[in-house]
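To start, the structure itself, in structure tokens.
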Amino acid sequence: MIRIAAVGDIHMGPESQGVLRPSFETLHESADVLLLAGDLTRHGTPEEAQVVAREIKDLAVPVVAVLGNHDHHADCPEEVTAVLQDAGARVLEGQATVVENGSTRIGVAGTKGFGGGFVGRCAGEFGEPIMKEFVRYSRRRADSLRACLLELQGQDCDVRIALTHFSPVPDTLAGEPPEIYPFLGSYLLAEAIDTAGADLAVHGHAHLGTEHGMTSGGVKVRNVAQPVIGRAFHVYHLARPDRTAAGAAGGRAR
């Protein structure tokens with residue numbers, strides 16, 4: 001069994017130092033990797049990133065992260081990324097990484113993603129340049145996720161996980177005001193996941209949303225925003241693929 005710990009939207013600041021560390025230090029007992037689904041800071045300052053860095057430094061499991069919209073607010077995401085990387089995290093934006101635990105290879109493709117809405121109620125590349133750029137930015141994020149998932153196909157991964165901040169599906173937004181759905185995610189992310197294939201999709205951002213969802217292609221989606229899961233992290237179990245069975249592909253999330 002492959003064990004994936006995940007949490008997002010921890011929104012750390014100076015006064016929250018040490019809040020998550022005791023729980024994170026137990027991760028080796030229950031998980032093979034920790035995924036951080038963005039909004040790790042409150043305002044995206046390097047000082048806040050240092051708080052997060054101290055929470056995750058020298059953990060016994062690998063840490064893979066994407067940034068969220070809060071982590072961009074101070075307009076220095078590169079500095080935030082550098083602080084987290086110095087603490088040992090792999091911070092992805094349009095990139096893929098493979099985490100190894102013994103003989104197990106966990107592939108993670110990551111991007112912040114962006115908004116735009118969902119099929120039937122979504123923004124289009126039409127009208128003013130700023131509106132077209134909004135949609136094109138979201139499409140670029142989704143295209144990078146697709147490319148990374150496809151890249152992982154050739155790296156002999158036991159499972160492939162799509163890690164984003166914005167949601168790929170409306171299912172996990174249930175509980176949020178419908179009026180803000182277009183600012184919480186985009187169907188383009190789900191299209192990328194279904195086209196390239198994944199065993200699990202993990203996101204944050206929707207504090208009032210719902211944990212469980214699924215893409216139209218059958219990929220399980222989990223909203224791991226801390227206000228939703230109500231704990232320091234949640235662990236998802238993926239069945240180890242049977243490599244002796246012809247056509248075996250990936251695991252299943254519980």
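All residue names refer to the structure tokens as shown: chains lettered A, B, ... in order, residues numbered from 1 in each chain, ligands numbered from 1 in order.
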
| All residues 12 Å or closer to A:Gly102, only C-alpha atoms, same chain fewer than 5 positions away omitted, as a PyMOL selection string | chain A and resi 2+32+61+158

If you keep C-alpha atoms, can you produce a file of those selected residues as an mmCIF file, in the first residue's frame?
```cif
data_model
loop_
_atom_site.group_PDB
_atom_site.id
_atom_site.type_symbol
_atom_site.label_atom_id
_atom_site.label_comp_id
_atom_site.auth_asym_id
_atom_site.auth_seq_id
_atom_site.Cartn_x
_atom_site.Cartn_y
_atom_site.Cartn_z
ATOM 1 C CA ILE A 2 1.311 3.446 -0.961
ATOM 2 C CA ASP A 32 5.590 7.774 2.390
ATOM 3 C CA VAL A 61 9.533 11.744 4.661
ATOM 4 C CA ASP A 158 4.008 3.023 -9.317
#
```

Just list as a PDB file with N, CA and C atoms, in the first residue's frame whatever in stretch 77-156 of chain A DSSP marks as helix (DSSP H, G or I).
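Dumped to selection24.pdb:
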```
ATOM      1  N   PRO A  77       7.119  35.140  -5.241  1.00  0.00           N
ATOM      2  CA  PRO A  77       7.011  33.681  -5.145  1.00  0.00           C
ATOM      3  C   PRO A  77       8.341  32.970  -5.310  1.00  0.00           C
ATOM      4  N   GLU A  78       9.269  33.574  -6.052  1.00  0.00           N
ATOM      5  CA  GLU A  78      10.575  32.942  -6.214  1.00  0.00           C
ATOM      6  C   GLU A  78      11.315  32.874  -4.881  1.00  0.00           C
ATOM      7  N   GLU A  79      11.199  33.948  -4.081  1.00  0.00           N
ATOM      8  CA  GLU A  79      11.846  33.945  -2.772  1.00  0.00           C
ATOM      9  C   GLU A  79      11.187  32.942  -1.831  1.00  0.00           C
ATOM     10  N   VAL A  80       9.869  32.870  -1.861  1.00  0.00           N
ATOM     11  CA  VAL A  80       9.150  31.885  -1.046  1.00  0.00           C
ATOM     12  C   VAL A  80       9.579  30.481  -1.434  1.00  0.00           C
ATOM     13  N   THR A  81       9.644  30.237  -2.741  1.00  0.00           N
ATOM     14  CA  THR A  81      10.072  28.931  -3.236  1.00  0.00           C
ATOM     15  C   THR A  81      11.477  28.594  -2.753  1.00  0.00           C
ATOM     16  N   ALA A  82      12.380  29.555  -2.830  1.00  0.00           N
ATOM     17  CA  ALA A  82      13.767  29.312  -2.428  1.00  0.00           C
ATOM     18  C   ALA A  82      13.863  28.958  -0.943  1.00  0.00           C
ATOM     19  N   VAL A  83      13.087  29.638  -0.111  1.00  0.00           N
ATOM     20  CA  VAL A  83      13.101  29.346   1.323  1.00  0.00           C
ATOM     21  C   VAL A  83      12.629  27.921   1.576  1.00  0.00           C
ATOM     22  N   LEU A  84      11.552  27.514   0.910  1.00  0.00           N
ATOM     23  CA  LEU A  84      11.014  26.167   1.104  1.00  0.00           C
ATOM     24  C   LEU A  84      11.978  25.107   0.559  1.00  0.00           C
ATOM     25  N   GLN A  85      12.613  25.409  -0.569  1.00  0.00           N
ATOM     26  CA  GLN A  85      13.577  24.456  -1.126  1.00  0.00           C
ATOM     27  C   GLN A  85      14.793  24.303  -0.227  1.00  0.00           C
ATOM     28  N   ASP A  86      15.227  25.400   0.387  1.00  0.00           N
ATOM     29  CA  ASP A  86      16.360  25.318   1.315  1.00  0.00           C
ATOM     30  C   ASP A  86      16.039  24.422   2.509  1.00  0.00           C
ATOM     31  N   PRO A 129      -8.333  42.186 -23.876  1.00  0.00           N
ATOM     32  CA  PRO A 129      -7.071  41.467 -23.723  1.00  0.00           C
ATOM     33  C   PRO A 129      -6.872  40.903 -22.324  1.00  0.00           C
ATOM     34  N   ILE A 130      -7.302  41.630 -21.298  1.00  0.00           N
ATOM     35  CA  ILE A 130      -7.075  41.149 -19.935  1.00  0.00           C
ATOM     36  C   ILE A 130      -7.901  39.899 -19.651  1.00  0.00           C
ATOM     37  N   MET A 131      -9.099  39.811 -20.263  1.00  0.00           N
ATOM     38  CA  MET A 131      -9.924  38.615 -20.093  1.00  0.00           C
ATOM     39  C   MET A 131      -9.307  37.432 -20.836  1.00  0.00           C
ATOM     40  N   LYS A 132      -8.819  37.692 -22.030  1.00  0.00           N
ATOM     41  CA  LYS A 132      -8.187  36.616 -22.785  1.00  0.00           C
ATOM     42  C   LYS A 132      -6.925  36.110 -22.075  1.00  0.00           C
ATOM     43  N   GLU A 133      -6.182  37.024 -21.468  1.00  0.00           N
ATOM     44  CA  GLU A 133      -4.976  36.608 -20.755  1.00  0.00           C
ATOM     45  C   GLU A 133      -5.315  35.792 -19.513  1.00  0.00           C
ATOM     46  N   PHE A 134      -6.423  36.141 -18.843  1.00  0.00           N
ATOM     47  CA  PHE A 134      -6.883  35.373 -17.681  1.00  0.00           C
ATOM     48  C   PHE A 134      -7.059  33.903 -18.078  1.00  0.00           C
ATOM     49  N   VAL A 135      -7.761  33.669 -19.164  1.00  0.00           N
ATOM     50  CA  VAL A 135      -8.045  32.296 -19.596  1.00  0.00           C
ATOM     51  C   VAL A 135      -6.780  31.632 -20.130  1.00  0.00           C
ATOM     52  N   ARG A 136      -5.964  32.384 -20.846  1.00  0.00           N
ATOM     53  CA  ARG A 136      -4.739  31.799 -21.390  1.00  0.00           C
ATOM     54  C   ARG A 136      -3.772  31.400 -20.275  1.00  0.00           C
ATOM     55  N   TYR A 137      -3.729  32.197 -19.218  1.00  0.00           N
ATOM     56  CA  TYR A 137      -2.881  31.840 -18.074  1.00  0.00           C
ATOM     57  C   TYR A 137      -3.347  30.527 -17.468  1.00  0.00           C
ATOM     58  N   SER A 138      -4.652  30.376 -17.287  1.00  0.00           N
ATOM     59  CA  SER A 138      -5.196  29.129 -16.753  1.00  0.00           C
ATOM     60  C   SER A 138      -4.879  27.960 -17.672  1.00  0.00           C
ATOM     61  N   ARG A 139      -4.978  28.188 -18.971  1.00  0.00           N
ATOM     62  CA  ARG A 139      -4.678  27.119 -19.928  1.00  0.00           C
ATOM     63  C   ARG A 139      -3.207  26.733 -19.885  1.00  0.00           C
ATOM     64  N   ARG A 140      -2.340  27.695 -19.733  1.00  0.00           N
ATOM     65  CA  ARG A 140      -0.907  27.379 -19.653  1.00  0.00           C
ATOM     66  C   ARG A 140      -0.600  26.529 -18.424  1.00  0.00           C
ATOM     67  N   ARG A 141      -1.239  26.861 -17.304  1.00  0.00           N
ATOM     68  CA  ARG A 141      -1.039  26.059 -16.098  1.00  0.00           C
ATOM     69  C   ARG A 141      -1.518  24.618 -16.323  1.00  0.00           C
ATOM     70  N   ALA A 142      -2.681  24.476 -16.954  1.00  0.00           N
ATOM     71  CA  ALA A 142      -3.219  23.144 -17.216  1.00  0.00           C
ATOM     72  C   ALA A 142      -2.343  22.378 -18.209  1.00  0.00           C
ATOM     73  N   ASP A 143      -1.873  23.075 -19.245  1.00  0.00           N
ATOM     74  CA  ASP A 143      -1.014  22.418 -20.235  1.00  0.00           C
ATOM     75  C   ASP A 143       0.276  21.919 -19.587  1.00  0.00           C
ATOM     76  N   SER A 144       0.810  22.693 -18.640  1.00  0.00           N
ATOM     77  CA  SER A 144       2.040  22.255 -17.975  1.00  0.00           C
ATOM     78  C   SER A 144       1.782  21.032 -17.112  1.00  0.00           C
ATOM     79  N   LEU A 145       0.602  20.968 -16.500  1.00  0.00           N
ATOM     80  CA  LEU A 145       0.260  19.790 -15.701  1.00  0.00           C
ATOM     81  C   LEU A 145       0.154  18.559 -16.590  1.00  0.00           C
ATOM     82  N   ARG A 146      -0.487  18.708 -17.729  1.00  0.00           N
ATOM     83  CA  ARG A 146      -0.611  17.589 -18.669  1.00  0.00           C
ATOM     84  C   ARG A 146       0.763  17.100 -19.098  1.00  0.00           C
ATOM     85  N   ALA A 147       1.632  18.031 -19.456  1.00  0.00           N
ATOM     86  CA  ALA A 147       2.966  17.653 -19.920  1.00  0.00           C
ATOM     87  C   ALA A 147       3.747  16.915 -18.835  1.00  0.00           C
ATOM     88  N   CYS A 148       3.608  17.358 -17.593  1.00  0.00           N
ATOM     89  CA  CYS A 148       4.338  16.713 -16.497  1.00  0.00           C
ATOM     90  C   CYS A 148       3.820  15.312 -16.215  1.00  0.00           C
ATOM     91  N   LEU A 149       2.505  15.146 -16.260  1.00  0.00           N
ATOM     92  CA  LEU A 149       1.940  13.809 -16.055  1.00  0.00           C
ATOM     93  C   LEU A 149       2.385  12.862 -17.168  1.00  0.00           C
ATOM     94  N   LEU A 150       2.438  13.357 -18.395  1.00  0.00           N
ATOM     95  CA  LEU A 150       2.906  12.531 -19.501  1.00  0.00           C
ATOM     96  C   LEU A 150       4.390  12.195 -19.337  1.00  0.00           C
ATOM     97  N   GLU A 151       5.150  13.162 -18.845  1.00  0.00           N
ATOM     98  CA  GLU A 151       6.577  12.916 -18.585  1.00  0.00           C
ATOM     99  C   GLU A 151       6.768  11.781 -17.586  1.00  0.00           C
ATOM    100  N   LEU A 152       5.903  11.724 -16.597  1.00  0.00           N
ATOM    101  CA  LEU A 152       6.018  10.689 -15.568  1.00  0.00           C
ATOM    102  C   LEU A 152       5.684   9.301 -16.103  1.00  0.00           C
ATOM    103  N   GLN A 153       4.945   9.244 -17.213  1.00  0.00           N
ATOM    104  CA  GLN A 153       4.620   7.934 -17.800  1.00  0.00           C
ATOM    105  C   GLN A 153       5.873   7.149 -18.144  1.00  0.00           C
TER     106      GLN A 153
END
```

| Quick one: residues within 10 Å of A:His28, only C-alpha atoms counted, chain neighbours fewer than 4 positions away excluded, as a list in words? | Phe24, Asp32, Val33, Leu34, Leu59, Ala60, Val61 and Pro62 of chain A

Write a file of the selected residues as a compact mmCIF listing (two decimals), in the first residue's frame, keeping N, CA and C atoms.
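Wrote it out as out.txt, contents follow:
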```txt
# COMPACT_ATOMS: atom_id res chain seq x y z
N PHE A 24 3.73 16.64 12.15
CA PHE A 24 4.58 16.31 11.01
C PHE A 24 5.69 15.33 11.40
N ASP A 32 4.37 7.88 3.18
CA ASP A 32 5.59 7.77 2.39
C ASP A 32 6.03 9.12 1.84
N VAL A 33 5.13 10.11 1.81
CA VAL A 33 5.43 11.43 1.28
C VAL A 33 4.41 12.41 1.85
N LEU A 34 4.80 13.67 1.96
CA LEU A 34 3.88 14.74 2.36
C LEU A 34 3.71 15.69 1.20
N LEU A 59 12.28 16.51 8.00
CA LEU A 59 11.29 15.48 8.27
C LEU A 59 11.78 14.15 7.73
N ALA A 60 11.20 13.07 8.24
CA ALA A 60 11.64 11.73 7.85
C ALA A 60 11.02 11.27 6.53
N VAL A 61 10.12 12.07 5.96
CA VAL A 61 9.53 11.74 4.66
C VAL A 61 9.77 12.91 3.71
N PRO A 62 9.83 12.66 2.41
CA PRO A 62 10.00 13.75 1.45
C PRO A 62 8.78 14.67 1.45
```

| said: Neighbouring residues of A:Leu189 were defined as those with any atom within 12 Å, considering only C-alpha atoms; residues of the same chain fewer than 4 positions away were excluded. Please report them as an NGL selection string. | reply: :A and (109-119 or 137-147 or 149 or 162-170 or 184-185 or 193-198 or 201-203 or 215-216 or 219 or 221)

For N, CA and C atoms, I'd like the residues from the last selection saved as a short mmCIF file (atom, residue, chain, number, x, y, z; two decimals), in the first residue's frame.
```cif
data_model
loop_
_atom_site.label_atom_id
_atom_site.label_comp_id
_atom_site.auth_asym_id
_atom_site.auth_seq_id
_atom_site.Cartn_x
_atom_site.Cartn_y
_atom_site.Cartn_z
N ALA A 109 3.16 15.43 -10.27
CA ALA A 109 3.18 16.55 -11.22
C ALA A 109 2.47 17.72 -10.56
N GLY A 110 3.10 18.90 -10.56
CA GLY A 110 2.53 20.00 -9.79
C GLY A 110 2.43 21.31 -10.52
N THR A 111 1.36 22.04 -10.23
CA THR A 111 1.18 23.43 -10.66
C THR A 111 0.18 24.09 -9.74
N LYS A 112 0.31 25.39 -9.57
CA LYS A 112 -0.69 26.12 -8.79
C LYS A 112 -2.05 26.00 -9.46
N GLY A 113 -2.07 26.02 -10.78
CA GLY A 113 -3.34 26.08 -11.49
C GLY A 113 -3.90 27.49 -11.45
N PHE A 114 -5.16 27.61 -11.83
CA PHE A 114 -5.80 28.93 -11.81
C PHE A 114 -7.30 28.74 -11.98
N GLY A 115 -8.02 29.86 -12.03
CA GLY A 115 -9.47 29.81 -12.12
C GLY A 115 -9.98 29.85 -13.55
N GLY A 116 -11.26 30.12 -13.67
CA GLY A 116 -11.89 30.19 -14.98
C GLY A 116 -13.24 29.52 -15.03
N GLY A 117 -13.47 28.59 -14.09
CA GLY A 117 -14.78 27.95 -14.03
C GLY A 117 -14.81 26.58 -14.67
N PHE A 118 -16.02 26.07 -14.79
CA PHE A 118 -16.22 24.68 -15.18
C PHE A 118 -17.18 24.59 -16.35
N VAL A 119 -17.25 23.42 -16.96
CA VAL A 119 -17.98 23.24 -18.21
C VAL A 119 -19.41 23.77 -18.07
N TYR A 137 -3.73 32.20 -19.22
CA TYR A 137 -2.88 31.84 -18.07
C TYR A 137 -3.35 30.53 -17.47
N SER A 138 -4.65 30.38 -17.29
CA SER A 138 -5.20 29.13 -16.75
C SER A 138 -4.88 27.96 -17.67
N ARG A 139 -4.98 28.19 -18.97
CA ARG A 139 -4.68 27.12 -19.93
C ARG A 139 -3.21 26.73 -19.89
N ARG A 140 -2.34 27.70 -19.73
CA ARG A 140 -0.91 27.38 -19.65
C ARG A 140 -0.60 26.53 -18.42
N ARG A 141 -1.24 26.86 -17.30
CA ARG A 141 -1.04 26.06 -16.10
C ARG A 141 -1.52 24.62 -16.32
N ALA A 142 -2.68 24.48 -16.95
CA ALA A 142 -3.22 23.14 -17.22
C ALA A 142 -2.34 22.38 -18.21
N ASP A 143 -1.87 23.07 -19.25
CA ASP A 143 -1.01 22.42 -20.24
C ASP A 143 0.28 21.92 -19.59
N SER A 144 0.81 22.69 -18.64
CA SER A 144 2.04 22.25 -17.97
C SER A 144 1.78 21.03 -17.11
N LEU A 145 0.60 20.97 -16.50
CA LEU A 145 0.26 19.79 -15.70
C LEU A 145 0.15 18.56 -16.59
N ARG A 146 -0.49 18.71 -17.73
CA ARG A 146 -0.61 17.59 -18.67
C ARG A 146 0.76 17.10 -19.10
N ALA A 147 1.63 18.03 -19.46
CA ALA A 147 2.97 17.65 -19.92
C ALA A 147 3.75 16.92 -18.83
N LEU A 149 2.50 15.15 -16.26
CA LEU A 149 1.94 13.81 -16.05
C LEU A 149 2.38 12.86 -17.17
N ALA A 162 -1.50 14.23 -9.36
CA ALA A 162 -1.59 15.62 -9.80
C ALA A 162 -1.78 16.48 -8.56
N LEU A 163 -0.85 17.39 -8.30
CA LEU A 163 -0.89 18.27 -7.13
C LEU A 163 -1.11 19.69 -7.60
N THR A 164 -2.23 20.30 -7.20
CA THR A 164 -2.55 21.67 -7.57
C THR A 164 -3.06 22.43 -6.35
N HIS A 165 -3.19 23.74 -6.49
CA HIS A 165 -3.86 24.53 -5.46
C HIS A 165 -5.32 24.73 -5.85
N PHE A 166 -5.56 25.19 -7.06
CA PHE A 166 -6.92 25.38 -7.55
C PHE A 166 -7.54 24.03 -7.89
N SER A 167 -8.85 23.97 -7.82
CA SER A 167 -9.56 22.70 -8.02
C SER A 167 -9.75 22.36 -9.50
N PRO A 168 -9.66 21.07 -9.85
CA PRO A 168 -9.97 20.65 -11.22
C PRO A 168 -11.44 20.34 -11.44
N VAL A 169 -12.22 20.22 -10.38
CA VAL A 169 -13.63 19.80 -10.51
C VAL A 169 -14.51 20.63 -9.58
N PRO A 170 -15.79 20.79 -9.93
CA PRO A 170 -16.71 21.50 -9.03
C PRO A 170 -17.16 20.65 -7.85
N LEU A 184 -12.24 29.54 -8.04
CA LEU A 184 -11.74 28.44 -7.22
C LEU A 184 -11.12 27.31 -8.04
N GLY A 185 -11.31 27.33 -9.34
CA GLY A 185 -10.74 26.25 -10.14
C GLY A 185 -11.12 26.34 -11.60
N ILE A 193 -5.69 16.24 -16.50
CA ILE A 193 -5.55 15.02 -15.69
C ILE A 193 -6.12 13.82 -16.42
N ASP A 194 -7.29 13.98 -17.01
CA ASP A 194 -7.92 12.86 -17.71
C ASP A 194 -7.18 12.50 -18.99
N THR A 195 -6.63 13.48 -19.67
CA THR A 195 -5.91 13.21 -20.92
C THR A 195 -4.62 12.46 -20.66
N ALA A 196 -3.87 12.91 -19.65
CA ALA A 196 -2.56 12.31 -19.38
C ALA A 196 -2.64 11.12 -18.42
N GLY A 197 -3.68 11.09 -17.59
CA GLY A 197 -3.85 10.00 -16.64
C GLY A 197 -3.18 10.28 -15.31
N ALA A 198 -3.85 9.90 -14.24
CA ALA A 198 -3.31 10.02 -12.88
C ALA A 198 -4.06 9.05 -11.99
N ALA A 201 -5.76 13.08 -7.68
CA ALA A 201 -5.56 14.52 -7.80
C ALA A 201 -5.83 15.16 -6.45
N VAL A 202 -4.92 16.02 -6.03
CA VAL A 202 -5.00 16.65 -4.71
C VAL A 202 -4.95 18.16 -4.89
N HIS A 203 -5.84 18.88 -4.21
CA HIS A 203 -5.83 20.35 -4.29
C HIS A 203 -6.26 20.94 -2.97
N THR A 215 -13.01 13.36 -11.38
CA THR A 215 -13.07 13.90 -12.73
C THR A 215 -14.03 13.07 -13.57
N SER A 216 -14.41 13.62 -14.71
CA SER A 216 -15.31 12.87 -15.59
C SER A 216 -14.66 11.60 -16.11
N VAL A 219 -10.87 9.88 -12.29
CA VAL A 219 -9.75 10.07 -11.37
C VAL A 219 -10.28 10.68 -10.07
N VAL A 221 -10.48 12.87 -6.85
CA VAL A 221 -9.98 14.20 -6.49
C VAL A 221 -10.23 14.41 -5.00
#
```

| task | Find, counting only C-alpha atoms, the residue in A:Ala74, A:Ala192, A:Val159, A:Ala206 that gets nearest to A:Met1. | result |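 Nearest to A:Met1: A:Val159.
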
| field | In stretch 9-172 of chain A, DSSP strand (DSSP E or B) residues written as a ChimeraX atom specification | value | /A:12,33-37,41,63-66,90-91,95-101,104-111,117-118,121-122,159-164,167

Mind dumping the selected residues with C-alpha atoms as a PDB file, in the first residue's frame?
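The resulting again-v3.pdb:
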```
ATOM      1  CA  MET A  12       1.222  30.087   8.521  1.00  0.00           C
ATOM      2  CA  VAL A  33       5.430  11.430   1.278  1.00  0.00           C
ATOM      3  CA  LEU A  34       3.881  14.736   2.361  1.00  0.00           C
ATOM      4  CA  LEU A  35       2.126  16.848  -0.281  1.00  0.00           C
ATOM      5  CA  LEU A  36       1.489  20.542   0.428  1.00  0.00           C
ATOM      6  CA  ALA A  37      -1.303  21.941  -1.755  1.00  0.00           C
ATOM      7  CA  THR A  41       1.672  31.361   4.038  1.00  0.00           C
ATOM      8  CA  VAL A  63       7.958  16.948   1.077  1.00  0.00           C
ATOM      9  CA  VAL A  64       6.520  18.053  -2.279  1.00  0.00           C
ATOM     10  CA  ALA A  65       4.670  21.366  -2.580  1.00  0.00           C
ATOM     11  CA  VAL A  66       2.990  23.831  -4.899  1.00  0.00           C
ATOM     12  CA  ARG A  90      10.484  20.069  -3.750  1.00  0.00           C
ATOM     13  CA  VAL A  91       8.395  23.026  -4.940  1.00  0.00           C
ATOM     14  CA  GLN A  95       7.343  20.393 -13.079  1.00  0.00           C
ATOM     15  CA  ALA A  96       7.353  16.730 -12.113  1.00  0.00           C
ATOM     16  CA  THR A  97       9.327  14.840  -9.513  1.00  0.00           C
ATOM     17  CA  VAL A  98       9.660  11.199  -8.479  1.00  0.00           C
ATOM     18  CA  VAL A  99       9.801  10.289  -4.797  1.00  0.00           C
ATOM     19  CA  GLU A 100      11.380   6.958  -3.962  1.00  0.00           C
ATOM     20  CA  ASN A 101      10.642   4.934  -0.852  1.00  0.00           C
ATOM     21  CA  THR A 104       8.217   2.351  -4.534  1.00  0.00           C
ATOM     22  CA  ARG A 105       8.287   5.243  -7.001  1.00  0.00           C
ATOM     23  CA  ILE A 106       5.695   8.000  -6.510  1.00  0.00           C
ATOM     24  CA  GLY A 107       5.418  10.475  -9.366  1.00  0.00           C
ATOM     25  CA  VAL A 108       4.051  13.943  -8.593  1.00  0.00           C
ATOM     26  CA  ALA A 109       3.176  16.549 -11.220  1.00  0.00           C
ATOM     27  CA  GLY A 110       2.528  19.998  -9.789  1.00  0.00           C
ATOM     28  CA  THR A 111       1.182  23.425 -10.665  1.00  0.00           C
ATOM     29  CA  GLY A 117     -14.783  27.949 -14.031  1.00  0.00           C
ATOM     30  CA  PHE A 118     -16.222  24.680 -15.175  1.00  0.00           C
ATOM     31  CA  ARG A 121     -20.194  28.109 -16.809  1.00  0.00           C
ATOM     32  CA  CYS A 122     -16.649  29.083 -17.663  1.00  0.00           C
ATOM     33  CA  VAL A 159       1.490   5.871  -9.032  1.00  0.00           C
ATOM     34  CA  ARG A 160       1.125   9.339 -10.523  1.00  0.00           C
ATOM     35  CA  ILE A 161      -0.413  12.213  -8.567  1.00  0.00           C
ATOM     36  CA  ALA A 162      -1.585  15.617  -9.796  1.00  0.00           C
ATOM     37  CA  LEU A 163      -0.893  18.268  -7.135  1.00  0.00           C
ATOM     38  CA  THR A 164      -2.548  21.672  -7.571  1.00  0.00           C
ATOM     39  CA  SER A 167      -9.555  22.697  -8.018  1.00  0.00           C
TER      40      SER A 167
END
```

| task | Could you tell me how far atom CA of A:Glu47 lies from atom CA of A:Gly13, in Å and to one decimal? | result |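 For atom CA of A:Glu47 relative to atom CA of A:Gly13, the distance reads 8.1 Å.
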
| task | May I have the residues within 10 Å of A:His207 as a list of chain:residue names, using only C-alpha atoms and disregarding those fewer than 6 positions away in the same chain? | result | A:Gly8, A:Asp9, A:Leu173, A:Gly175, A:Glu176, A:Asn223, A:Val224, A:Ala225, A:Gln226, A:Pro227, A:Val228, A:Ile229

| Counting only C-alpha atoms, which of A:Gly120, A:Gly213, A:Ile10, A:Asp199 gets nearest to A:His237? |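 Ranked by minimum distance to A:His237, first place goes to A:Asp199.
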
| Given the choices A:Tyr187, A:Leu40, A:Pro177, A:Gly217, which gets closest to A:Leu20 if the distance is worked out from only C-alpha atoms? |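 That would be A:Leu40, the residue with the smallest distance to A:Leu20.
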
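What separates atom CA of A:Cys157 from atom CA of A:Ala239 is a distance of 13.0 Å.
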
| query | Between atom CA of A:His70 and atom CA of A:Gly127, what is the spacing in Å? | reply |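 Here the two named atoms are 28.0 Å from each other.
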